[in-house]
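Q: Have a look at this one before I ask anything.
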Amino acid sequence: ANRGGFFVAPRMSRFGSKGGDSKVTPYLKAVKATLTAAICLRNFPSQVVERHNKPAVETQWAKELLLAPVVIAKNEKQAVKIEGSINAVRISIKIKQMDKMEGILVKRFSSFLEMRADDFVILRRKAMEGYDISFLITHFHTESMWREKLVDFIVTFIQEINKEISDLRLAVNSRGRTVAEQFFLQFK
């Protein structure tokens, strides 16, 4: 785009698509508002083990330190579960899977990300039961990173993951079509 003599490149999102200003749905607004409220974390050492500072949402040792889990669902196939505690918040994401192929793609994509959990500082190595991907944000993360940016990353991730799965599905279908065409060319 040309604005006043300057060239302005189209805005690219974190995952490479040109949808930076795409529509934020009420579902994503609810996720963002709930995460913003739940991410008010503070340092709280373990009451069970001396000199330990474990995320209370993971250990579940003291029920009085846990907030009630909140599930925000767009439909039965797409939901976000936010479990908060005094020193950590766990976000579990259920990705939309309309058929078996999307189920396989989601499983492969999430295992690809989980193998690289050390590079994604807030990503858990194993997703919670019934969900595809889980994140764990502790008070250490909020001390070293901007809270607003963490929330924006989660919302953008949820927004973009469905586009990524759809793109992967289209790529698999086009490759399958090409292979079938090449196979049938042998019989002409």
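Starting from 1 in every chain, residues are counted up; chains themselves are A, B, ... following the order of the structure tokens, and ligands are numbered from 1 as listed.
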Please identify all polymer residues within 10 Å of Ser134 (chain A), counting only C-alpha atoms, omitting same-chain residues fewer than 6 positions from it, and present them as an MDAnalysis selection string.

A: chainID A and resid 80:82 90:94 110 114 122:128

Q: Taking only residues of region 63-165 of chain A that have an atom at most 12 Å from an atom of region 172-188 of chain A, what is each one's shortest atom pair and its distance in Å to one decimal, using only C-alpha atoms, in chain and number order, as CSV?

A:
```
residue,atom,partner,partner_atom,distance
A:Met101,CA,A:Val172,CA,9.2
A:Glu102,CA,A:Val172,CA,10.4
A:Ile104,CA,A:Val172,CA,11.4
A:Leu105,CA,A:Val172,CA,9.6
A:Ile165,CA,A:Val172,CA,10.5
```

Q: Save the residues we just selected, N, CA and C atoms, as a short mmCIF file (atom, residue, chain, number, x, y, z; two decimals), in the first residue's frame?

A:
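For reference, again04.cif as written:
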```cif
data_model
loop_
_atom_site.label_atom_id
_atom_site.label_comp_id
_atom_site.auth_asym_id
_atom_site.auth_seq_id
_atom_site.Cartn_x
_atom_site.Cartn_y
_atom_site.Cartn_z
N MET A 101 -9.06 -36.81 9.50
CA MET A 101 -7.85 -36.21 8.95
C MET A 101 -7.41 -35.01 9.79
N GLU A 102 -8.35 -34.16 10.17
CA GLU A 102 -8.01 -33.02 11.02
C GLU A 102 -7.54 -33.50 12.38
N ILE A 104 -5.83 -36.24 12.97
CA ILE A 104 -4.43 -36.67 12.78
C ILE A 104 -3.52 -35.46 12.65
N LEU A 105 -3.94 -34.46 11.88
CA LEU A 105 -3.13 -33.26 11.71
C LEU A 105 -2.93 -32.52 13.03
N ILE A 165 -4.17 -25.45 10.69
CA ILE A 165 -4.70 -26.79 10.47
C ILE A 165 -5.44 -26.85 9.14
#
```

Q: What lies within 12 Å of Tyr27 (chain A) using only C-alpha atoms, ignoring chain neighbours under 2 positions off, as a PyMOL selection string?

A: chain A and resi 23-25+29-34+71-75+78-80+155+158-159

Q: Sorted by chain and rising residue number, list the residues of region 51-161 of chain A at most 8 Å from region 41-44 of chain A (counting only C-alpha atoms), each with its closest atom pair and distance in Å to one decimal, as JSON lines.

A:
```
{"residue": "A:Asn53", "atom": "CA", "partner": "A:Phe44", "partner_atom": "CA", "distance": 6.7}
{"residue": "A:Ser85", "atom": "CA", "partner": "A:Leu41", "partner_atom": "CA", "distance": 7.7}
{"residue": "A:Ile86", "atom": "CA", "partner": "A:Leu41", "partner_atom": "CA", "distance": 5.7}
{"residue": "A:Asn87", "atom": "CA", "partner": "A:Leu41", "partner_atom": "CA", "distance": 4.9}
{"residue": "A:Ala88", "atom": "CA", "partner": "A:Leu41", "partner_atom": "CA", "distance": 6.3}
{"residue": "A:Thr138", "atom": "CA", "partner": "A:Leu41", "partner_atom": "CA", "distance": 7.3}
{"residue": "A:His139", "atom": "CA", "partner": "A:Leu41", "partner_atom": "CA", "distance": 5.3}
{"residue": "A:Phe140", "atom": "CA", "partner": "A:Asn43", "partner_atom": "CA", "distance": 7.9}
{"residue": "A:Thr142", "atom": "CA", "partner": "A:Leu41", "partner_atom": "CA", "distance": 7.4}
```

Q: May I have the residues from that selection written out with N, CA and C atoms, as a tab-separated table (two decimals), in the first residue's frame?

A:
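The file below, selection.tsv, is the result:
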```tsv
chain	number	residue	atom	x	y	z
A	53	ASN	N	9.14	-23.96	45.21
A	53	ASN	CA	8.15	-23.03	44.68
A	53	ASN	C	7.52	-23.67	43.45
A	85	SER	N	-4.34	-20.28	39.82
A	85	SER	CA	-3.96	-20.45	41.22
A	85	SER	C	-3.22	-19.19	41.63
A	86	ILE	N	-2.68	-19.20	42.82
A	86	ILE	CA	-2.03	-18.00	43.33
A	86	ILE	C	-0.72	-17.69	42.61
A	87	ASN	N	-0.03	-18.74	42.13
A	87	ASN	CA	1.28	-18.50	41.52
A	87	ASN	C	1.43	-19.03	40.09
A	88	ALA	N	0.35	-19.54	39.49
A	88	ALA	CA	0.42	-20.06	38.12
A	88	ALA	C	-0.96	-20.13	37.51
A	138	THR	N	3.74	-19.20	34.95
A	138	THR	CA	4.00	-19.06	36.37
A	138	THR	C	4.34	-17.60	36.69
A	139	HIS	N	4.48	-17.31	37.97
A	139	HIS	CA	4.82	-15.94	38.34
A	139	HIS	C	6.23	-15.57	37.86
A	140	PHE	N	7.09	-16.57	37.67
A	140	PHE	CA	8.43	-16.28	37.13
A	140	PHE	C	8.31	-15.71	35.71
A	142	THR	N	5.70	-14.05	34.48
A	142	THR	CA	5.12	-12.70	34.52
A	142	THR	C	6.10	-11.68	35.07
```

Q: Using the chain letters and numbers from this document, which residues of region 38-111 of chain A does DSSP assign to alpha helix (DSSP H), as a list of chain:residue names?

A: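 Alpha helix (DSSP H) assignments inside region 38-111 of chain A correspond to A:Ala38, A:Ala56, A:Val57, A:Glu58, A:Thr59, A:Lys100, A:Met101, A:Glu102, A:Gly103, A:Ile104, A:Leu105, A:Val106, A:Lys107, A:Arg108, A:Phe109, A:Ser110, A:Ser111.
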
Q: How far is it from CA of His52 (chain A) to CA of His141 (chain A), in Å with one decimal?

A: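 About the pair CA of His52 (chain A) and CA of His141 (chain A): they are 16.7 Å apart.
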
Q: Identify, with DSSP run on backbone atoms, the residues in region 3-175 of chain A assigned to strand (DSSP E or B), and express the list as a VMD selection string.

A: chain A and resid 3 6 to 7 66 70 to 75 78 to 85 88 to 94 123 133 to 138

Q: Expressed in Å to a single decimal, how great is the separation between CA of Ile133 (chain A) and CA of Ser166 (chain A)?

A: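 So the answer is 17.0 Å.
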